[in-house]
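K.L.:
Next comes start17.cif, mmCIF, C-alpha atoms:
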```cif
data_start
loop_
_atom_site.group_PDB
_atom_site.id
_atom_site.type_symbol
_atom_site.label_atom_id
_atom_site.label_comp_id
_atom_site.auth_asym_id
_atom_site.auth_seq_id
_atom_site.Cartn_x
_atom_site.Cartn_y
_atom_site.Cartn_z
ATOM 1 C CA MET A 1 -30.481 4.068 -19.942
ATOM 2 C CA ARG A 2 -27.607 6.104 -18.465
ATOM 3 C CA TYR A 3 -25.076 4.258 -16.302
ATOM 4 C CA GLY A 4 -22.790 5.685 -13.614
ATOM 5 C CA LEU A 5 -19.578 4.310 -12.138
ATOM 6 C CA ILE A 6 -18.245 4.905 -8.625
ATOM 7 C CA ALA A 7 -14.539 4.257 -9.199
ATOM 8 C CA GLY A 8 -12.229 3.134 -6.397
ATOM 9 C CA ASN A 9 -8.598 2.085 -6.725
ATOM 10 C CA GLY A 10 -6.948 -0.599 -8.816
ATOM 11 C CA ARG A 11 -7.777 -1.999 -12.241
ATOM 12 C CA PHE A 12 -11.359 -3.038 -11.580
ATOM 13 C CA PRO A 13 -12.882 0.356 -12.578
ATOM 14 C CA PHE A 14 -10.901 0.344 -15.839
ATOM 15 C CA MET A 15 -12.189 -3.156 -16.628
ATOM 16 C CA VAL A 16 -15.755 -1.935 -16.091
ATOM 17 C CA VAL A 17 -15.140 1.017 -18.430
ATOM 18 C CA ASP A 18 -13.729 -1.339 -21.093
ATOM 19 C CA GLY A 19 -16.615 -3.786 -20.677
ATOM 20 C CA ALA A 20 -19.178 -1.001 -20.931
ATOM 21 C CA ARG A 21 -17.447 0.376 -24.039
ATOM 22 C CA ARG A 22 -17.642 -3.058 -25.690
ATOM 23 C CA ALA A 23 -21.366 -3.050 -24.898
ATOM 24 C CA GLY A 24 -21.742 0.378 -26.500
ATOM 25 C CA VAL A 25 -22.280 2.154 -23.176
ATOM 26 C CA SER A 26 -20.566 5.375 -22.079
ATOM 27 C CA LEU A 27 -20.282 5.774 -18.302
ATOM 28 C CA SER A 28 -20.564 8.872 -16.121
ATOM 29 C CA VAL A 29 -17.788 8.385 -13.557
ATOM 30 C CA ALA A 30 -17.549 9.606 -9.974
ATOM 31 C CA ALA A 31 -13.833 9.190 -9.219
ATOM 32 C CA ILE A 32 -12.711 9.033 -5.577
ATOM 33 C CA ARG A 33 -9.931 11.601 -5.174
ATOM 34 C CA GLU A 34 -8.083 9.571 -2.531
ATOM 35 C CA GLU A 35 -8.313 6.288 -4.428
ATOM 36 C CA THR A 36 -8.911 6.439 -8.196
ATOM 37 C CA ASP A 37 -6.004 6.347 -10.653
ATOM 38 C CA PRO A 38 -5.778 9.782 -12.360
ATOM 39 C CA LYS A 39 -5.545 7.969 -15.708
ATOM 40 C CA MET A 40 -9.288 7.424 -15.452
ATOM 41 C CA GLU A 41 -9.746 10.969 -16.785
ATOM 42 C CA GLN A 42 -8.266 9.821 -20.100
ATOM 43 C CA GLU A 43 -10.670 6.890 -20.412
ATOM 44 C CA VAL A 44 -14.080 8.553 -20.108
ATOM 45 C CA ASP A 45 -15.845 11.672 -21.372
ATOM 46 C CA ARG A 46 -17.833 12.533 -18.248
ATOM 47 C CA LEU A 47 -16.079 12.463 -14.869
ATOM 48 C CA VAL A 48 -16.164 14.332 -11.583
ATOM 49 C CA TRP A 49 -13.652 14.047 -8.744
ATOM 50 C CA VAL A 50 -15.213 13.669 -5.298
ATOM 51 C CA GLY A 51 -13.630 13.420 -1.872
ATOM 52 C CA ILE A 52 -14.126 10.189 0.030
ATOM 53 C CA GLY A 53 -16.790 11.820 2.221
ATOM 54 C CA GLN A 54 -18.610 13.787 -0.494
ATOM 55 C CA LEU A 55 -21.653 11.587 -0.952
ATOM 56 C CA GLY A 56 -23.890 14.568 -1.681
ATOM 57 C CA LYS A 57 -21.637 15.820 -4.479
ATOM 58 C CA MET A 58 -21.552 12.358 -6.067
ATOM 59 C CA ILE A 59 -25.342 12.036 -5.999
ATOM 60 C CA ARG A 60 -25.793 15.534 -7.466
ATOM 61 C CA PHE A 61 -23.410 14.613 -10.316
ATOM 62 C CA PHE A 62 -25.292 11.402 -11.105
ATOM 63 C CA LYS A 63 -28.648 13.191 -10.984
ATOM 64 C CA GLY A 64 -27.362 15.887 -13.338
ATOM 65 C CA GLU A 65 -26.131 13.179 -15.716
ATOM 66 C CA GLY A 66 -29.495 11.419 -15.687
ATOM 67 C CA VAL A 67 -27.943 8.245 -14.229
ATOM 68 C CA GLU A 68 -30.499 5.543 -13.408
ATOM 69 C CA LYS A 69 -28.162 2.628 -12.665
ATOM 70 C CA ALA A 70 -24.749 2.793 -10.977
ATOM 71 C CA ILE A 71 -21.871 0.357 -10.569
ATOM 72 C CA MET A 72 -19.363 0.393 -7.722
ATOM 73 C CA ALA A 73 -15.934 -0.969 -8.719
ATOM 74 C CA GLY A 74 -12.517 -0.821 -7.095
ATOM 75 C CA GLN A 75 -11.526 -0.761 -3.466
ATOM 76 C CA VAL A 76 -12.145 2.207 -1.202
ATOM 77 C CA LYS A 77 -10.161 1.531 1.947
ATOM 78 C CA HIS A 78 -12.447 0.980 4.906
ATOM 79 C CA VAL A 79 -10.049 2.743 7.276
ATOM 80 C CA GLN A 80 -10.008 5.867 5.098
ATOM 81 C CA ILE A 81 -13.750 6.360 5.366
ATOM 82 C CA PHE A 82 -13.940 6.087 9.133
ATOM 83 C CA SER A 83 -10.673 7.779 10.127
ATOM 84 C CA ARG A 84 -9.728 10.306 7.426
ATOM 85 C CA ALA A 85 -12.834 11.326 5.540
ATOM 86 C CA VAL A 86 -14.369 14.746 6.109
ATOM 87 C CA PRO A 87 -18.037 13.891 5.530
ATOM 88 C CA ASP A 88 -20.469 16.290 3.893
ATOM 89 C CA ALA A 89 -23.953 16.654 5.361
ATOM 90 C CA ARG A 90 -25.356 13.769 3.291
ATOM 91 C CA MET A 91 -22.552 11.382 4.270
ATOM 92 C CA LEU A 92 -22.720 12.394 7.930
ATOM 93 C CA LYS A 93 -26.463 11.768 8.046
ATOM 94 C CA MET A 94 -25.961 8.347 6.484
ATOM 95 C CA LEU A 95 -23.089 7.414 8.861
ATOM 96 C CA LEU A 96 -25.191 8.291 11.909
ATOM 97 C CA LYS A 97 -27.870 5.814 10.773
ATOM 98 C CA LEU A 98 -25.486 2.852 10.374
ATOM 99 C CA PRO A 99 -26.156 -0.057 12.760
ATOM 100 C CA ARG A 100 -22.427 -0.912 12.756
ATOM 101 C CA ARG A 101 -19.287 0.491 11.213
ATOM 102 C CA ASN A 102 -18.211 -2.312 8.912
ATOM 103 C CA THR A 103 -17.808 -2.422 5.165
ATOM 104 C CA MET A 104 -21.137 -4.042 4.330
ATOM 105 C CA SER A 105 -23.142 -1.625 6.494
ATOM 106 C CA LEU A 106 -21.322 1.339 4.977
ATOM 107 C CA ILE A 107 -21.833 0.323 1.368
ATOM 108 C CA GLY A 108 -25.392 -0.731 2.096
ATOM 109 C CA GLY A 109 -25.997 2.760 3.456
ATOM 110 C CA ILE A 110 -24.606 4.347 0.296
ATOM 111 C CA ALA A 111 -26.773 2.038 -1.828
ATOM 112 C CA ALA A 112 -29.840 3.129 0.167
ATOM 113 C CA GLU A 113 -29.003 6.822 -0.356
ATOM 114 C CA LEU A 114 -28.644 6.243 -4.104
ATOM 115 C CA ALA A 115 -31.934 4.330 -4.198
ATOM 116 C CA SER A 116 -33.704 7.191 -2.449
ATOM 117 C CA GLU A 117 -32.757 9.339 -5.458
ATOM 118 C CA GLY A 118 -33.941 6.803 -8.037
ATOM 119 C CA ILE A 119 -30.445 5.421 -8.743
ATOM 120 C CA ASP A 120 -30.205 1.630 -8.627
ATOM 121 C CA LEU A 121 -26.837 0.151 -7.578
ATOM 122 C CA ILE A 122 -26.380 -2.932 -9.782
ATOM 123 C CA ASP A 123 -24.066 -5.958 -10.029
ATOM 124 C CA SER A 124 -20.470 -4.729 -10.333
ATOM 125 C CA THR A 125 -19.750 -7.508 -12.866
ATOM 126 C CA TYR A 126 -22.658 -6.425 -15.110
ATOM 127 C CA PHE A 127 -20.308 -5.654 -18.025
ATOM 128 C CA LEU A 128 -17.716 -8.322 -17.122
ATOM 129 C CA GLN A 129 -19.468 -11.670 -17.361
ATOM 130 C CA ASP A 130 -16.644 -13.106 -19.513
ATOM 131 C CA SER A 131 -14.201 -12.559 -16.609
ATOM 132 C CA LEU A 132 -16.093 -14.899 -14.262
ATOM 133 C CA PRO A 133 -14.950 -18.550 -14.316
ATOM 134 C CA ALA A 134 -17.231 -21.507 -14.946
ATOM 135 C CA ALA A 135 -17.064 -24.484 -12.580
ATOM 136 C CA GLY A 136 -14.164 -26.877 -13.057
ATOM 137 C CA THR A 137 -10.385 -27.020 -13.193
ATOM 138 C CA LEU A 138 -8.918 -24.045 -15.080
ATOM 139 C CA THR A 139 -5.280 -25.177 -15.201
ATOM 140 C CA ARG A 140 -3.494 -28.180 -16.674
ATOM 141 C CA ARG A 141 -2.955 -29.701 -13.235
ATOM 142 C CA LYS A 142 -5.991 -30.761 -11.234
ATOM 143 C CA PRO A 143 -6.036 -30.488 -7.431
ATOM 144 C CA SER A 144 -4.584 -33.501 -5.657
ATOM 145 C CA ILE A 145 -6.560 -35.592 -3.185
ATOM 146 C CA ALA A 146 -4.954 -33.668 -0.303
ATOM 147 C CA GLU A 147 -5.719 -30.318 -1.932
ATOM 148 C CA ARG A 148 -9.326 -31.325 -2.513
ATOM 149 C CA ALA A 149 -9.600 -32.229 1.167
ATOM 150 C CA ASP A 150 -8.207 -28.799 2.061
ATOM 151 C CA ILE A 151 -10.714 -27.156 -0.297
ATOM 152 C CA ALA A 152 -13.633 -29.029 1.293
ATOM 153 C CA TYR A 153 -12.471 -27.968 4.750
ATOM 154 C CA GLY A 154 -11.884 -24.366 3.640
ATOM 155 C CA VAL A 155 -15.367 -24.121 2.135
ATOM 156 C CA GLU A 156 -16.797 -25.375 5.434
ATOM 157 C CA VAL A 157 -14.858 -22.687 7.326
ATOM 158 C CA ALA A 158 -16.019 -20.025 4.853
ATOM 159 C CA ASN A 159 -19.658 -21.005 5.322
ATOM 160 C CA HIS A 160 -19.353 -20.756 9.107
ATOM 161 C CA ILE A 161 -17.799 -17.273 9.070
ATOM 162 C CA ALA A 162 -19.904 -15.929 6.190
ATOM 163 C CA GLN A 163 -21.979 -13.629 8.394
ATOM 164 C CA LEU A 164 -19.005 -12.039 10.166
ATOM 165 C CA ASP A 165 -18.052 -9.652 7.331
ATOM 166 C CA LEU A 166 -14.406 -10.748 7.348
ATOM 167 C CA GLY A 167 -12.201 -10.989 4.279
ATOM 168 C CA GLN A 168 -12.680 -13.529 1.513
ATOM 169 C CA THR A 169 -9.327 -15.343 1.682
ATOM 170 C CA ILE A 170 -8.791 -18.520 3.686
ATOM 171 C CA VAL A 171 -5.486 -20.408 3.790
ATOM 172 C CA VAL A 172 -5.539 -24.108 4.652
ATOM 173 C CA ARG A 173 -2.829 -26.702 5.153
ATOM 174 C CA GLY A 174 -3.521 -30.331 6.050
ATOM 175 C CA LYS A 175 -7.187 -29.600 6.797
ATOM 176 C CA ALA A 176 -6.146 -26.946 9.327
ATOM 177 C CA CYS A 177 -6.957 -23.252 8.947
ATOM 178 C CA VAL A 178 -3.686 -21.311 8.877
ATOM 179 C CA ALA A 179 -5.014 -17.794 8.176
ATOM 180 C CA ILE A 180 -8.232 -15.871 7.524
ATOM 181 C CA GLU A 181 -8.188 -12.471 5.838
ATOM 182 C CA ALA A 182 -9.135 -9.469 7.967
ATOM 183 C CA MET A 183 -8.392 -6.010 6.499
ATOM 184 C CA GLU A 184 -4.925 -6.667 5.083
ATOM 185 C CA GLY A 185 -5.873 -8.042 1.657
ATOM 186 C CA THR A 186 -5.349 -11.348 -0.144
ATOM 187 C CA ASP A 187 -1.608 -11.167 -0.797
ATOM 188 C CA ALA A 188 -0.749 -10.145 2.768
ATOM 189 C CA THR A 189 -2.920 -12.971 4.119
ATOM 190 C CA ILE A 190 -1.126 -15.551 1.962
ATOM 191 C CA LEU A 191 2.308 -14.291 3.051
ATOM 192 C CA ARG A 192 1.247 -14.188 6.715
ATOM 193 C CA ALA A 193 0.118 -17.809 6.443
ATOM 194 C CA ALA A 194 3.410 -18.802 4.854
ATOM 195 C CA GLU A 195 5.350 -17.113 7.648
ATOM 196 C CA LEU A 196 3.253 -18.910 10.266
ATOM 197 C CA VAL A 197 3.837 -22.280 8.617
ATOM 198 C CA ASN A 198 7.530 -21.538 8.266
ATOM 199 C CA GLY A 199 7.797 -20.658 11.941
ATOM 200 C CA GLN A 200 5.932 -23.794 12.984
ATOM 201 C CA SER A 201 8.380 -25.806 10.891
ATOM 202 C CA GLY A 202 11.389 -24.502 12.786
ATOM 203 C CA GLY A 203 12.093 -21.548 10.517
ATOM 204 C CA ARG A 204 12.406 -19.101 13.464
ATOM 205 C CA GLY A 205 10.867 -16.219 11.587
ATOM 206 C CA ARG A 206 12.983 -16.521 8.452
ATOM 207 C CA THR A 207 11.488 -14.919 5.349
ATOM 208 C CA ASN A 208 12.311 -17.568 2.745
ATOM 209 C CA LEU A 209 8.765 -18.970 3.185
ATOM 210 C CA SER A 210 9.988 -22.420 2.223
ATOM 211 C CA SER A 211 7.439 -24.488 4.155
ATOM 212 C CA GLY A 212 4.280 -25.613 2.383
ATOM 213 C CA PRO A 213 2.242 -26.522 0.545
ATOM 214 C CA LEU A 214 -0.721 -24.272 1.206
ATOM 215 C CA THR A 215 -4.157 -24.225 -0.377
ATOM 216 C CA ILE A 216 -5.686 -20.790 -0.933
ATOM 217 C CA LEU A 217 -9.435 -20.203 -1.108
ATOM 218 C CA LYS A 218 -10.817 -16.907 -2.405
ATOM 219 C CA LEU A 219 -14.532 -17.279 -1.859
ATOM 220 C CA ALA A 220 -17.653 -15.171 -2.045
ATOM 221 C CA LYS A 221 -20.142 -15.413 0.773
ATOM 222 C CA PRO A 222 -22.986 -17.890 0.122
ATOM 223 C CA ASN A 223 -25.341 -14.905 -0.220
ATOM 224 C CA GLN A 224 -22.727 -12.622 -1.793
ATOM 225 C CA ASP A 225 -24.116 -9.275 -2.859
ATOM 226 C CA MET A 226 -22.543 -8.899 -6.306
ATOM 227 C CA ARG A 227 -23.082 -5.150 -6.236
ATOM 228 C CA PHE A 228 -19.963 -4.703 -4.137
ATOM 229 C CA ASP A 229 -16.970 -6.426 -2.571
ATOM 230 C CA VAL A 230 -16.770 -9.094 -5.291
ATOM 231 C CA PRO A 231 -13.740 -11.410 -4.858
ATOM 232 C CA VAL A 232 -10.912 -10.561 -7.284
ATOM 233 C CA VAL A 233 -7.754 -12.471 -8.247
ATOM 234 C CA GLY A 234 -5.071 -11.881 -10.849
ATOM 235 C CA VAL A 235 -1.445 -12.402 -11.806
ATOM 236 C CA PRO A 236 -0.194 -10.871 -8.503
ATOM 237 C CA THR A 237 -2.203 -13.541 -6.646
ATOM 238 C CA ILE A 238 -0.262 -16.299 -8.409
ATOM 239 C CA GLU A 239 3.042 -14.469 -7.920
ATOM 240 C CA THR A 240 2.351 -14.303 -4.192
ATOM 241 C CA MET A 241 1.412 -17.986 -4.121
ATOM 242 C CA VAL A 242 4.737 -18.830 -5.778
ATOM 243 C CA ARG A 243 6.581 -16.892 -3.057
ATOM 244 C CA ALA A 244 4.558 -18.682 -0.394
ATOM 245 C CA HIS A 245 4.953 -22.144 -1.970
ATOM 246 C CA ALA A 246 1.163 -22.440 -2.198
ATOM 247 C CA THR A 247 0.058 -25.072 -4.690
ATOM 248 C CA CYS A 248 -3.696 -24.700 -5.168
ATOM 249 C CA LEU A 249 -6.173 -21.837 -5.597
ATOM 250 C CA CYS A 250 -9.912 -22.350 -5.192
ATOM 251 C CA LEU A 251 -12.407 -19.781 -6.517
ATOM 252 C CA ASN A 252 -16.191 -19.471 -6.675
ATOM 253 C CA ALA A 253 -17.584 -20.204 -10.112
ATOM 254 C CA GLY A 254 -19.508 -17.224 -11.434
ATOM 255 C CA LYS A 255 -18.629 -15.053 -8.420
ATOM 256 C CA THR A 256 -14.891 -14.325 -8.654
ATOM 257 C CA LEU A 257 -13.369 -11.858 -11.108
ATOM 258 C CA MET A 258 -10.168 -13.004 -12.812
ATOM 259 C CA PHE A 259 -7.988 -10.116 -13.995
ATOM 260 C CA ASP A 260 -5.741 -11.015 -16.968
ATOM 261 C CA ARG A 261 -7.210 -14.505 -16.971
ATOM 262 C CA LYS A 262 -4.992 -16.003 -19.707
ATOM 263 C CA GLU A 263 -1.788 -14.637 -18.193
ATOM 264 C CA MET A 264 -2.860 -15.750 -14.733
ATOM 265 C CA ILE A 265 -3.546 -19.327 -15.820
ATOM 266 C CA ALA A 266 -0.318 -19.464 -17.849
ATOM 267 C CA LEU A 267 1.723 -18.420 -14.801
ATOM 268 C CA ALA A 268 -0.082 -21.006 -12.653
ATOM 269 C CA ASP A 269 0.654 -23.729 -15.230
ATOM 270 C CA LYS A 270 4.319 -22.700 -15.355
ATOM 271 C CA ASN A 271 4.553 -23.153 -11.566
ATOM 272 C CA LYS A 272 2.371 -26.283 -11.405
ATOM 273 C CA ILE A 273 -0.300 -24.488 -9.404
ATOM 274 C CA ALA A 274 -3.833 -25.860 -9.697
ATOM 275 C CA ILE A 275 -6.745 -23.419 -10.042
ATOM 276 C CA VAL A 276 -10.253 -24.766 -9.574
ATOM 277 C CA ALA A 277 -13.643 -23.043 -9.542
ATOM 278 C CA VAL A 278 -16.334 -24.617 -7.373
#
```
Here is a file; write its structure as structure tokens.

P.N.:
Amino acid sequence: MRYGLIAGNGRFPFMVVDGARRAGVSLSVAAIREETDPKMEQEVDRLVWVGIGQLGKMIRFFKGEGVEKAIMAGQVKHVQIFSRAVPDARMLKMLLKLPRRNTMSLIGGIAAELASEGIDLIDSTYFLQDSLPAAGTLTRRKPSIAERADIAYGVEVANHIAQLDLGQTIVVRGKACVAIEAMEGTDATILRAAELVNGQSGGRGRTNLSSGPLTILKLAKPNQDMRFDVPVVGVPTIETMVRAHATCLCLNAGKTLMFDRKEMIALADKNKIAIVAV
């Protein structure tokens, strides 16, 4: 079996390469020129650089490599695809067939094009099962009664908006929804929520973000397609929570990737932040 990797930005693609290597698998990598870290060339033997709109070139590379299963890992900015990409004929044909121009439709279209060539897009965590948390409290401190109430409310909100293809981060305070992620990313959502709370507390727009506490939920959709857009957290998530005076992080057991898990939990423990997987 030959595996391919569609590599976006960030560390996720490198984790997949490491996980595959531990499993004795060498990946054929299609690196996105506008997104992938150039260091990827040093990590794999077989790699081609493709522009963000060069779907045809990517498929031809995978076919030439004999790839039967492909993994998509790392972010490819939604706005880049629709506003900056110069699509090749294959990408243009696929874009014209999309029912809507959101992330899930786009990636679903790419998956369908791969499938039409006998290439199966598989779970992006296929080689990373040890980076997914089991259910339970992961830190020394357990969530308080108030934090658990915020988690229950946040999960309810997440279930209601699951079909809207919004972001995966929800920020709750006192069983009130302070912020929901759109396209800005987890860290920006947390900081936006902290600024809102600070302003409501009489802070007049100050940036010390001293009002809290906040509970952060990073949740997969109930029917999350694990082939793409899997929730990811890491040390920067905790660092941002410290800045925002957020005290609790809720994840989905088995559906959220934890980068640098030991370091992340250690930093949470140091700052008395509770992390729980539900």

K.L.:
Have a look at atom CA of Ala158 of chain A and atom CA of Met183 of chain A and let me know their distance in Å, one decimal.

P.N.:
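Between these atoms lies a distance of 16.0 Å.
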
K.L.:
Evaluating the PyMOL selection byres ((chain A and resi 94) around 12) on the displayed file yields which residues, as JSON, numbers by chain?

P.N.:
{"A": [53, 54, 55, 56, 87, 88, 89, 90, 91, 92, 93, 95, 96, 97, 98, 99, 100, 101, 105, 106, 107, 108, 109, 110, 111, 112, 113, 114, 116]}

K.L.:
Quick one: pull the distance between atom CA of Ala152 of chain A and atom CA of Thr186 of chain A, Å, one decimal.

P.N.:
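Those two atoms sit 19.6 Å apart.
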
K.L.:
Compare A:Leu249, A:Ile273, A:Ala73, A:Ala31 by their minimum atom-to-atom distance to Ser124 of chain A, counting all atoms listed in the file, and give me the closest one.

P.N.:
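Smallest separation from Ser124 of chain A among the options: A:Ala73.
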
K.L.:
List, as a PyMOL selection string, every residue that the PyMOL selection byres ((chain A and resi 141-150) around 12) selects in the file provided.

P.N.:
chain A and resi 136-140+151-157+170-178+212-217+246-250+265-266+268-278

K.L.:
Find the smallest box with edges along x, y and z containing every listed atom of segment 178-189 of chain A, then add 8 Å on each side and report centre and edge lengths in Å to one decimal, as JSON.

P.N.:
```
{"center_x": -4.9, "center_y": -13.7, "center_z": 4.0, "size_x": 24.4, "size_y": 31.3, "size_z": 25.7}
```

K.L.:
At what distance in Å, to one decimal, does atom CA of Val48 of chain A lie from atom CA of Ile71 of chain A?

P.N.:
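Distance reported for this atom pair: 15.1 Å.
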
K.L.:
Using all atoms listed in the file, can you tell me which of A:Ile59, A:Ala193, A:Ile161, A:Met40 comes closest to Pro222 of chain A?

P.N.:
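Result for the nearest residue to Pro222 of chain A: A:Ile161.
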
K.L.:
Would you mind telling me which residue in A:Pro133, A:Pro38, A:Gly24, A:Gly64 lies nearest to Arg11 of chain A when using all atoms listed in the file?

P.N.:
A:Pro38

K.L.:
Could you check which of A:Asp130, A:Glu43, A:Asp260, A:Glu181 is closest to Asp18 of chain A, using all atoms listed in the file?

P.N.:
A:Glu43

K.L.:
Rank nothing, just name the residue among A:Lys255, A:Arg192, A:His160, A:Lys262 nearest to Gln129 of chain A, using all atoms listed in the file.

P.N.:
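Of A:Lys255, A:Arg192, A:His160, A:Lys262, the one nearest Gln129 of chain A, counting all atoms listed in the file, is A:Lys255.
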
K.L.:
Find the residues with any atom within 12 Å of (-14.4, -8.4, -19.3); use only C-alpha atoms and the coordinates as given in the file, and write the answer as a ChimeraX atom specification.

P.N.:
/A:11-23,124-133,257-261

K.L.:
Suppose a student applies the PyMOL selection byres ((chain A and resi 226) around 8) to this structure; what residues should they get, written as a count of residues only?

P.N.:
11

K.L.:
Tell me which protein, DNA and RNA residues are within 8 Å of Thr36 of chain A, counting all atoms listed in the file, leaving out same-chain ones fewer than 3 positions away, and put them as a list in words.

P.N.:
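Non-adjacent residues within range: Ala7, Gly8, Asn9, Gly10, Ala31, Ile32, Arg33 and Met40 of chain A.
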
K.L.:
Please list as a list in words every residue within 7 Å of Ala244 of chain A, counting only C-alpha atoms and excluding residues in the same chain fewer than 2 positions away.

P.N.:
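After dropping sequence-adjacent residues, the list is Ile190, Leu191, Ala194, Leu209, Thr240, Met241, Val242 and Ala246 of chain A.
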
K.L.:
Take the residues from that selection and write them out as an mmCIF file, in the coordinates of the input, keeping C-alpha atoms.

P.N.:
```cif
data_model
loop_
_atom_site.group_PDB
_atom_site.id
_atom_site.type_symbol
_atom_site.label_atom_id
_atom_site.label_comp_id
_atom_site.auth_asym_id
_atom_site.auth_seq_id
_atom_site.Cartn_x
_atom_site.Cartn_y
_atom_site.Cartn_z
ATOM 1 C CA ILE A 190 -1.126 -15.551 1.962
ATOM 2 C CA LEU A 191 2.308 -14.291 3.051
ATOM 3 C CA ALA A 194 3.410 -18.802 4.854
ATOM 4 C CA LEU A 209 8.765 -18.970 3.185
ATOM 5 C CA THR A 240 2.351 -14.303 -4.192
ATOM 6 C CA MET A 241 1.412 -17.986 -4.121
ATOM 7 C CA VAL A 242 4.737 -18.830 -5.778
ATOM 8 C CA ALA A 246 1.163 -22.440 -2.198
#
```

K.L.:
May I have the residues within 8 Å of Met1 of chain A as a list in words, using all atoms listed in the file and disregarding those fewer than 2 positions away in the same chain?

P.N.:
Tyr3, Val67, Glu68 and Lys69 of chain A
